[in-house]
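Undergrad: What follows is work_0.cif; its format and atoms are mmCIF, N, CA and C atoms.
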data_input
#
loop_
_atom_site.label_atom_id
_atom_site.label_comp_id
_atom_site.auth_asym_id
_atom_site.auth_seq_id
_atom_site.Cartn_x
_atom_site.Cartn_y
_atom_site.Cartn_z
N MET A 1 91.14 59.51 107.56
CA MET A 1 91.35 60.07 106.24
C MET A 1 92.84 60.23 105.99
N LYS A 2 93.34 59.62 104.95
CA LYS A 2 94.76 59.73 104.64
C LYS A 2 95.10 61.04 103.96
N ASN A 3 94.24 61.51 103.06
CA ASN A 3 94.54 62.74 102.32
C ASN A 3 93.27 63.59 102.21
N PRO A 4 92.93 64.32 103.27
CA PRO A 4 91.70 65.12 103.24
C PRO A 4 91.72 66.19 102.15
N LYS A 5 92.87 66.77 101.88
CA LYS A 5 92.96 67.79 100.84
C LYS A 5 92.58 67.20 99.49
N GLY A 6 93.13 66.05 99.16
CA GLY A 6 92.81 65.39 97.89
C GLY A 6 91.34 65.02 97.81
N MET A 7 90.77 64.59 98.93
CA MET A 7 89.36 64.20 98.93
C MET A 7 88.44 65.39 98.70
N VAL A 8 88.76 66.49 99.37
CA VAL A 8 87.93 67.69 99.23
C VAL A 8 88.04 68.23 97.81
N ARG A 9 89.23 68.27 97.27
CA ARG A 9 89.42 68.77 95.90
C ARG A 9 88.74 67.84 94.89
N TYR A 10 88.78 66.51 95.16
CA TYR A 10 88.13 65.55 94.27
C TYR A 10 86.61 65.72 94.30
N LEU A 11 86.10 66.12 95.45
CA LEU A 11 84.65 66.30 95.62
C LEU A 11 84.06 67.23 94.56
N ILE A 12 84.82 68.25 94.15
CA ILE A 12 84.32 69.17 93.12
C ILE A 12 85.07 69.01 91.79
N HIS A 13 85.92 67.97 91.72
CA HIS A 13 86.71 67.67 90.51
C HIS A 13 87.66 68.80 90.15
N LEU A 14 88.19 69.47 91.16
CA LEU A 14 89.05 70.63 90.93
C LEU A 14 90.28 70.30 90.09
N ASP A 15 90.86 69.16 90.33
CA ASP A 15 92.09 68.79 89.62
C ASP A 15 91.82 67.91 88.40
N ASN A 16 90.56 67.79 88.02
CA ASN A 16 90.18 66.98 86.86
C ASN A 16 89.31 67.82 85.92
N PRO A 17 89.91 68.69 85.12
CA PRO A 17 89.13 69.59 84.26
C PRO A 17 88.28 68.87 83.23
N GLU A 18 88.59 67.60 82.95
CA GLU A 18 87.79 66.85 81.98
C GLU A 18 86.46 66.40 82.57
N LYS A 19 86.34 66.45 83.91
CA LYS A 19 85.09 66.07 84.57
C LYS A 19 84.24 67.31 84.83
N TYR A 20 82.96 67.09 85.13
CA TYR A 20 82.06 68.18 85.46
C TYR A 20 82.63 68.93 86.66
N GLN A 21 82.66 70.27 86.60
CA GLN A 21 83.22 71.11 87.66
C GLN A 21 82.10 71.60 88.58
N TYR A 22 82.08 71.07 89.79
CA TYR A 22 81.11 71.53 90.78
C TYR A 22 81.63 72.82 91.41
N LYS A 23 80.71 73.60 91.92
CA LYS A 23 81.09 74.88 92.54
C LYS A 23 81.60 74.65 93.95
N ARG A 24 82.67 75.32 94.25
CA ARG A 24 83.26 75.26 95.58
C ARG A 24 82.26 75.72 96.65
N GLU A 25 81.46 76.72 96.29
CA GLU A 25 80.49 77.29 97.24
C GLU A 25 79.38 76.29 97.59
N ASP A 26 79.21 75.27 96.77
CA ASP A 26 78.13 74.30 97.00
C ASP A 26 78.50 73.22 98.02
N ILE A 27 79.75 73.20 98.46
CA ILE A 27 80.16 72.21 99.46
C ILE A 27 79.50 72.58 100.78
N LYS A 28 78.80 71.64 101.37
CA LYS A 28 78.14 71.85 102.66
C LYS A 28 78.99 71.20 103.74
N CYS A 29 79.41 72.00 104.69
CA CYS A 29 80.24 71.49 105.79
C CYS A 29 79.38 71.28 107.02
N HIS A 30 79.73 70.28 107.80
CA HIS A 30 78.99 69.96 109.02
C HIS A 30 79.98 69.80 110.18
N GLY A 31 79.50 70.01 111.35
CA GLY A 31 80.31 69.78 112.54
C GLY A 31 81.51 70.70 112.66
N GLY A 32 81.40 71.90 112.11
CA GLY A 32 82.48 72.87 112.23
C GLY A 32 83.63 72.66 111.26
N ALA A 33 83.45 71.77 110.31
CA ALA A 33 84.52 71.52 109.32
C ALA A 33 84.75 72.77 108.47
N ASP A 34 86.00 73.01 108.13
CA ASP A 34 86.37 74.13 107.27
C ASP A 34 87.23 73.60 106.14
N VAL A 35 86.71 73.64 104.93
CA VAL A 35 87.45 73.09 103.79
C VAL A 35 88.26 74.14 103.04
N GLU A 36 88.15 75.41 103.42
CA GLU A 36 88.86 76.47 102.70
C GLU A 36 90.37 76.26 102.68
N GLN A 37 90.90 75.70 103.75
CA GLN A 37 92.35 75.48 103.81
C GLN A 37 92.85 74.57 102.70
N TYR A 38 91.97 73.72 102.18
CA TYR A 38 92.37 72.78 101.14
C TYR A 38 92.40 73.43 99.75
N PHE A 39 91.96 74.68 99.66
CA PHE A 39 91.95 75.38 98.38
C PHE A 39 93.03 76.46 98.30
N GLU A 40 93.81 76.61 99.36
CA GLU A 40 94.87 77.61 99.35
C GLU A 40 95.88 77.28 98.27
N LEU A 41 96.38 78.32 97.63
CA LEU A 41 97.34 78.15 96.55
C LEU A 41 98.72 77.86 97.10
N SER A 42 99.47 77.02 96.41
CA SER A 42 100.86 76.78 96.79
C SER A 42 101.66 78.03 96.41
N MET A 43 102.88 78.13 96.91
CA MET A 43 103.71 79.29 96.62
C MET A 43 103.99 79.40 95.12
N SER A 44 104.28 78.29 94.47
CA SER A 44 104.57 78.35 93.03
C SER A 44 103.32 78.73 92.25
N THR A 45 102.16 78.22 92.66
CA THR A 45 100.92 78.59 91.97
C THR A 45 100.60 80.06 92.21
N ARG A 46 100.85 80.53 93.44
CA ARG A 46 100.63 81.95 93.75
C ARG A 46 101.50 82.83 92.86
N ASN A 47 102.75 82.43 92.67
CA ASN A 47 103.65 83.20 91.80
C ASN A 47 103.16 83.21 90.37
N CYS A 48 102.66 82.09 89.89
CA CYS A 48 102.10 82.03 88.53
C CYS A 48 100.88 82.95 88.40
N VAL A 49 100.01 82.91 89.41
CA VAL A 49 98.81 83.75 89.39
C VAL A 49 99.21 85.22 89.44
N LEU A 50 100.21 85.55 90.26
CA LEU A 50 100.68 86.94 90.35
C LEU A 50 101.22 87.41 89.00
N ARG A 51 102.03 86.57 88.34
CA ARG A 51 102.54 86.95 87.01
C ARG A 51 101.39 87.16 86.03
N GLU A 52 100.41 86.27 86.07
CA GLU A 52 99.24 86.39 85.19
C GLU A 52 98.50 87.70 85.47
N MET A 53 98.32 88.02 86.75
CA MET A 53 97.64 89.26 87.12
C MET A 53 98.41 90.48 86.63
N MET A 54 99.72 90.48 86.86
CA MET A 54 100.52 91.64 86.49
C MET A 54 100.55 91.84 84.98
N GLU A 55 100.58 90.75 84.26
CA GLU A 55 100.50 90.83 82.80
C GLU A 55 99.16 91.44 82.38
N PHE A 56 98.09 90.99 83.02
CA PHE A 56 96.74 91.50 82.73
C PHE A 56 96.65 92.99 83.07
N ILE A 57 97.15 93.36 84.25
CA ILE A 57 97.12 94.77 84.68
C ILE A 57 97.89 95.63 83.67
N HIS A 58 99.06 95.17 83.29
CA HIS A 58 99.89 95.91 82.35
C HIS A 58 99.22 96.01 80.99
N ASP A 59 98.76 94.88 80.44
CA ASP A 59 98.13 94.88 79.12
C ASP A 59 96.84 95.69 79.08
N SER A 60 96.09 95.65 80.18
CA SER A 60 94.81 96.37 80.25
C SER A 60 94.98 97.81 80.70
N GLU A 61 96.21 98.15 81.10
CA GLU A 61 96.54 99.49 81.60
C GLU A 61 95.65 99.91 82.76
N ILE A 62 95.39 98.98 83.65
CA ILE A 62 94.62 99.29 84.87
C ILE A 62 95.53 100.13 85.75
N ASP A 63 95.02 101.27 86.22
CA ASP A 63 95.89 102.15 87.00
C ASP A 63 95.35 102.46 88.39
N ASN A 64 94.38 101.65 88.86
CA ASN A 64 93.96 101.85 90.24
C ASN A 64 93.44 100.55 90.84
N TYR A 65 93.59 100.45 92.14
CA TYR A 65 93.25 99.25 92.89
C TYR A 65 91.76 98.94 92.82
N ASP A 66 90.93 99.96 92.84
CA ASP A 66 89.48 99.78 92.80
C ASP A 66 89.05 99.06 91.52
N ASP A 67 89.61 99.45 90.38
CA ASP A 67 89.26 98.78 89.13
C ASP A 67 89.70 97.32 89.14
N LEU A 68 90.86 97.05 89.72
CA LEU A 68 91.35 95.68 89.80
C LEU A 68 90.43 94.83 90.67
N ILE A 69 90.09 95.32 91.85
CA ILE A 69 89.21 94.57 92.75
C ILE A 69 87.83 94.41 92.12
N GLY A 70 87.33 95.47 91.49
CA GLY A 70 86.04 95.39 90.81
C GLY A 70 86.04 94.32 89.74
N TYR A 71 87.13 94.22 88.99
CA TYR A 71 87.25 93.17 87.96
C TYR A 71 87.22 91.79 88.61
N CYS A 72 87.98 91.63 89.69
CA CYS A 72 88.03 90.33 90.38
C CYS A 72 86.64 89.91 90.85
N ILE A 73 85.90 90.83 91.40
CA ILE A 73 84.55 90.51 91.91
C ILE A 73 83.60 90.22 90.76
N LYS A 74 83.59 91.09 89.77
CA LYS A 74 82.66 90.93 88.65
C LYS A 74 82.88 89.61 87.90
N HIS A 75 84.15 89.23 87.74
CA HIS A 75 84.47 88.04 86.96
C HIS A 75 84.79 86.83 87.82
N LYS A 76 84.51 86.96 89.12
CA LYS A 76 84.70 85.88 90.09
C LYS A 76 86.10 85.27 90.02
N GLU A 77 87.07 86.14 89.94
CA GLU A 77 88.48 85.73 89.95
C GLU A 77 88.94 85.68 91.40
N TRP A 78 88.53 84.65 92.13
CA TRP A 78 88.77 84.60 93.57
C TRP A 78 90.24 84.39 93.90
N ASP A 79 90.97 83.64 93.07
CA ASP A 79 92.42 83.51 93.31
C ASP A 79 93.10 84.86 93.16
N TRP A 80 92.70 85.61 92.16
CA TRP A 80 93.25 86.95 91.96
C TRP A 80 92.91 87.84 93.16
N MET A 81 91.67 87.74 93.61
CA MET A 81 91.22 88.55 94.75
C MET A 81 92.07 88.24 95.99
N ASP A 82 92.32 86.96 96.20
CA ASP A 82 93.15 86.54 97.34
C ASP A 82 94.56 87.12 97.23
N ILE A 83 95.13 87.03 96.04
CA ILE A 83 96.48 87.57 95.82
C ILE A 83 96.48 89.09 96.04
N ALA A 84 95.49 89.78 95.48
CA ALA A 84 95.42 91.24 95.56
C ALA A 84 95.19 91.72 97.00
N ALA A 85 94.42 90.96 97.76
CA ALA A 85 94.07 91.40 99.11
C ALA A 85 95.03 90.89 100.19
N ASN A 86 95.60 89.71 99.98
CA ASN A 86 96.36 89.07 101.06
C ASN A 86 97.83 88.80 100.76
N HIS A 87 98.23 88.90 99.52
CA HIS A 87 99.61 88.57 99.15
C HIS A 87 100.09 89.58 98.09
N ASN A 88 101.35 89.91 98.13
CA ASN A 88 101.97 90.73 97.09
C ASN A 88 101.27 92.06 96.83
N THR A 89 100.59 92.59 97.81
CA THR A 89 99.86 93.85 97.64
C THR A 89 100.80 94.98 97.27
N LEU A 90 101.99 95.02 97.86
CA LEU A 90 102.94 96.08 97.57
C LEU A 90 103.36 96.05 96.10
N ALA A 91 103.69 94.87 95.59
CA ALA A 91 104.11 94.75 94.18
C ALA A 91 102.99 95.18 93.24
N ILE A 92 101.78 94.77 93.55
CA ILE A 92 100.63 95.14 92.70
C ILE A 92 100.40 96.64 92.75
N ASN A 93 100.46 97.22 93.93
CA ASN A 93 100.25 98.67 94.06
C ASN A 93 101.35 99.46 93.36
N LYS A 94 102.58 98.95 93.39
CA LYS A 94 103.67 99.62 92.68
C LYS A 94 103.40 99.63 91.18
N LEU A 95 102.93 98.51 90.64
CA LEU A 95 102.62 98.43 89.21
C LEU A 95 101.46 99.38 88.86
N LEU A 96 100.40 99.36 89.67
CA LEU A 96 99.26 100.25 89.43
C LEU A 96 99.71 101.71 89.46
N ASP A 97 100.55 102.04 90.43
CA ASP A 97 101.04 103.42 90.56
C ASP A 97 101.90 103.81 89.35
N ALA A 98 102.75 102.90 88.90
CA ALA A 98 103.59 103.19 87.73
C ALA A 98 102.75 103.45 86.49
N ILE A 99 101.71 102.66 86.31
CA ILE A 99 100.82 102.85 85.16
C ILE A 99 100.08 104.18 85.29
N TYR A 100 99.63 104.49 86.51
CA TYR A 100 98.95 105.77 86.75
C TYR A 100 99.89 106.93 86.42
N GLN A 101 101.13 106.85 86.91
CA GLN A 101 102.10 107.92 86.66
C GLN A 101 102.37 108.09 85.17
N LYS A 102 102.39 106.99 84.44
CA LYS A 102 102.62 107.06 83.00
C LYS A 102 101.46 107.78 82.31
N HIS A 103 100.23 107.55 82.80
CA HIS A 103 99.05 108.18 82.20
C HIS A 103 98.80 109.60 82.68
N HIS A 104 99.35 109.94 83.83
CA HIS A 104 99.14 111.26 84.43
C HIS A 104 100.50 111.86 84.80
N PRO A 105 101.28 112.23 83.80
CA PRO A 105 102.61 112.77 84.11
C PRO A 105 102.52 114.05 84.93
N LYS A 106 103.51 114.24 85.78
CA LYS A 106 103.57 115.42 86.62
C LYS A 106 103.85 116.63 85.74
N ASP A 107 103.18 117.71 86.04
CA ASP A 107 103.37 118.96 85.30
C ASP A 107 104.67 119.59 85.78
N ASP A 108 105.74 119.42 85.01
CA ASP A 108 107.05 119.92 85.42
C ASP A 108 107.13 121.44 85.45
N SER A 109 106.20 122.12 84.79
CA SER A 109 106.24 123.58 84.82
C SER A 109 105.95 124.10 86.22
N LYS A 110 105.26 123.30 87.04
CA LYS A 110 104.94 123.72 88.40
C LYS A 110 105.96 123.20 89.41
N SER A 111 106.84 122.31 88.96
CA SER A 111 107.83 121.71 89.86
C SER A 111 108.88 122.75 90.23
N VAL A 112 109.31 122.69 91.46
CA VAL A 112 110.33 123.60 91.96
C VAL A 112 111.47 122.73 92.46
N THR A 113 112.69 123.07 92.04
CA THR A 113 113.85 122.31 92.50
C THR A 113 114.14 122.64 93.96
N LEU A 114 114.95 121.80 94.57
CA LEU A 114 115.34 122.02 95.96
C LEU A 114 116.07 123.36 96.10
N GLU A 115 116.96 123.63 95.17
CA GLU A 115 117.71 124.90 95.25
C GLU A 115 116.77 126.11 95.15
N GLU A 116 115.77 126.02 94.31
CA GLU A 116 114.80 127.12 94.18
C GLU A 116 114.02 127.30 95.48
N ARG A 117 113.69 126.20 96.13
CA ARG A 117 112.96 126.30 97.41
C ARG A 117 113.84 126.94 98.48
N VAL A 118 115.10 126.54 98.51
CA VAL A 118 116.03 127.11 99.49
C VAL A 118 116.16 128.62 99.24
N THR A 119 116.29 129.00 97.99
CA THR A 119 116.41 130.42 97.64
C THR A 119 115.15 131.18 98.05
N GLN A 120 113.98 130.61 97.78
CA GLN A 120 112.72 131.25 98.17
C GLN A 120 112.69 131.47 99.68
N ALA A 121 113.07 130.43 100.43
CA ALA A 121 113.04 130.51 101.89
C ALA A 121 113.97 131.62 102.38
N LYS A 122 115.17 131.68 101.82
CA LYS A 122 116.13 132.70 102.24
C LYS A 122 115.66 134.11 101.89
N GLU A 123 115.09 134.27 100.70
CA GLU A 123 114.58 135.59 100.29
C GLU A 123 113.45 136.05 101.22
N MET A 124 112.57 135.13 101.56
CA MET A 124 111.45 135.48 102.44
C MET A 124 111.96 135.84 103.83
N ALA A 125 112.96 135.09 104.32
CA ALA A 125 113.53 135.36 105.64
C ALA A 125 114.21 136.73 105.65
N GLU A 126 114.92 137.08 104.55
CA GLU A 126 115.59 138.38 104.45
C GLU A 126 114.59 139.53 104.46
N LYS A 127 113.37 139.28 103.99
CA LYS A 127 112.32 140.31 103.98
C LYS A 127 111.66 140.44 105.35
N GLY A 128 112.08 139.58 106.30
CA GLY A 128 111.54 139.67 107.65
C GLY A 128 110.25 138.88 107.86
N ILE A 129 109.92 138.03 106.96
CA ILE A 129 108.70 137.22 107.10
C ILE A 129 108.95 136.16 108.18
N LYS A 130 107.94 135.96 109.05
CA LYS A 130 108.07 135.01 110.15
C LYS A 130 108.33 133.61 109.62
N LYS A 131 109.14 132.88 110.35
CA LYS A 131 109.52 131.53 109.94
C LYS A 131 108.31 130.60 109.81
N SER A 132 107.33 130.75 110.68
CA SER A 132 106.14 129.89 110.60
C SER A 132 105.37 130.16 109.31
N VAL A 133 105.34 131.42 108.88
CA VAL A 133 104.65 131.80 107.64
C VAL A 133 105.42 131.25 106.44
N ILE A 134 106.74 131.34 106.48
CA ILE A 134 107.57 130.83 105.38
C ILE A 134 107.34 129.31 105.24
N ALA A 135 107.39 128.61 106.37
CA ALA A 135 107.20 127.16 106.35
C ALA A 135 105.83 126.80 105.78
N ASP A 136 104.79 127.50 106.21
CA ASP A 136 103.44 127.24 105.71
C ASP A 136 103.32 127.55 104.22
N THR A 137 103.91 128.65 103.80
CA THR A 137 103.84 129.05 102.39
C THR A 137 104.52 128.02 101.49
N LEU A 138 105.67 127.52 101.93
CA LEU A 138 106.42 126.56 101.12
C LEU A 138 105.94 125.11 101.32
N GLY A 139 105.07 124.92 102.32
CA GLY A 139 104.56 123.57 102.59
C GLY A 139 105.60 122.65 103.18
N ILE A 140 106.43 123.20 104.05
CA ILE A 140 107.49 122.41 104.68
C ILE A 140 107.41 122.58 106.19
N SER A 141 108.09 121.70 106.91
CA SER A 141 108.12 121.84 108.37
C SER A 141 109.12 122.92 108.77
N ARG A 142 109.01 123.40 109.99
CA ARG A 142 109.96 124.40 110.47
C ARG A 142 111.36 123.82 110.55
N LYS A 143 111.45 122.54 110.89
CA LYS A 143 112.74 121.87 110.96
C LYS A 143 113.44 121.90 109.59
N THR A 144 112.67 121.62 108.54
CA THR A 144 113.21 121.67 107.19
C THR A 144 113.59 123.09 106.83
N LEU A 145 112.76 124.05 107.21
CA LEU A 145 113.06 125.46 106.93
C LEU A 145 114.39 125.86 107.54
N TYR A 146 114.65 125.45 108.81
CA TYR A 146 115.91 125.80 109.45
C TYR A 146 117.10 125.19 108.69
N LYS A 147 116.91 124.00 108.13
CA LYS A 147 118.00 123.40 107.34
C LYS A 147 118.20 124.20 106.06
N TYR A 148 117.11 124.65 105.46
CA TYR A 148 117.23 125.48 104.23
C TYR A 148 118.01 126.75 104.53
N LEU A 149 117.70 127.38 105.66
CA LEU A 149 118.31 128.66 105.99
C LEU A 149 119.79 128.52 106.36
N LYS A 150 120.21 127.34 106.76
CA LYS A 150 121.61 127.10 107.10
C LYS A 150 122.47 126.91 105.86
N LYS A 151 121.87 126.55 104.73
CA LYS A 151 122.64 126.25 103.51
C LYS A 151 123.25 127.48 102.93
#
Would you mind writing the file's structure down as C-alpha cells?
TA:
Amino acid sequence: MKNPKGMVRYLIHLDNPEKYQYKREDIKCHGGADVEQYFELSMSTRNCVLREMMEFIHDSEIDNYDDLIGYCIKHKEWDWMDIAANHNTLAINKLLDAIYQKHHPKDDSKSVTLEERVTQAKEMAEKGIKKSVIADTLGISRKTLYKYLKK
C-alpha cells in the first residue's frame, strides 16, 4: 500500500463531500488493523477546530466543561471532543472560567484586602488569641500568619 491514509479516508469518502458520506464507525477492521490513526487531525486543522470551538463557546456563553462535553456527545462533534479532552484543554478551561467569572462576579463587599487581613491578624494576636486559632479564623496557614505578624 503506497498511501494507506488516503485509502482509508477514501473508503468513507471523507475528503469528497460531493460523494455519499459513509460512517467512520462502519469500517470493519480485521487482523488487528487500527484505522483511527488515519483520522487524526493535522496541527493546522486542530487549530482551526479550536478557533471554531472557542468562537462557539464564546457566542453561546458556555461557562462550564460539562456543558461543552455534553454538547460534543449529543451532537456527535467528535473532533471537538478530541480537542476538548486531549488537546488545548488549558486554553478551553481558561475561556470557560472567564465566561463563568463574567456571569458570576465576585461579591466585593465580602472581599478583604491584604492590609485588612494583616490588621485583623495583629489585632487578634494583641488580644492574646492563639496563633493556631487566628490562622484558622482567617483561613491562612501559620506560616502566612507569621509573615503577617512581622509586617
Undergrad: Can you tell me how far atom CA of A:Asp97 sits from atom CA of A:Met53, in Å to one decimal?
TA: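 Answer for the atom CA of A:Asp97 to atom CA of A:Met53 separation: 15.0 Å.
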Undergrad: What gap, in Å, lies between atom N of A:Asp79 and atom C of A:Gly31?
TA: 25.3 Å
Undergrad: DSSP on the backbone, alpha helix (DSSP H) only: what residues of chain A does that give? Format it as a PyMOL selection string.
TA: chain A and resi 4-11+43-60+65-74+78-86+89-103+114-126+131-138+142-150
Undergrad: Could you list, as JSON, numbers by chain, every residue within 12 Å of A:Glu25, counting only C-alpha atoms and ignoring same-chain residues fewer than 4 positions away?
TA: {"A": [11, 12, 21, 29, 35, 36, 39, 76, 78]}
Undergrad: Take the PyMOL selection byres ((chain A and resi 60-66) around 8), apply it to the structure above, and return the hits as a VMD selection string.
TA: chain A and resid 54 to 59 67 to 72 92 to 93 95 to 101
Undergrad: Between atom CA of A:Val49 and atom N of A:Asp15, what is the spacing in Å?
TA: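 Atom-to-atom, atom N of A:Asp15 to atom CA of A:Val49, that is 16.6 Å.
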Undergrad: Quick one: everything within 7 Å of A:Tyr148, counting only N, CA and C atoms, minus sequence neighbours fewer than 5 positions away in the same chain. Send it as a VMD selection string.
TA: chain A and resid 117 to 118 121 to 122 143
Undergrad: Do a neighbour search on stretch 133-137 of chain A at 7 Å with only N, CA and C atoms, toss out local chain neighbours closer than 5 positions, and write the hits as a tab-separated table (two decimals) with N, CA and C atoms, in the coordinates of the input.
TA:
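Result file around31.tsv:
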chain	number	residue	atom	x	y	z
A	121	ALA	N	113.07	130.43	100.43
A	121	ALA	CA	113.04	130.51	101.89
A	121	ALA	C	113.97	131.62	102.38
A	124	MET	N	112.57	135.13	101.56
A	124	MET	CA	111.45	135.48	102.44
A	124	MET	C	111.96	135.84	103.83
A	125	ALA	N	112.96	135.09	104.32
A	125	ALA	CA	113.53	135.36	105.64
A	125	ALA	C	114.21	136.73	105.65
A	142	ARG	N	109.01	123.40	109.99
A	142	ARG	CA	109.96	124.40	110.47
A	142	ARG	C	111.36	123.82	110.55
A	145	LEU	N	112.76	124.05	107.21
A	145	LEU	CA	113.06	125.46	106.93
A	145	LEU	C	114.39	125.86	107.54
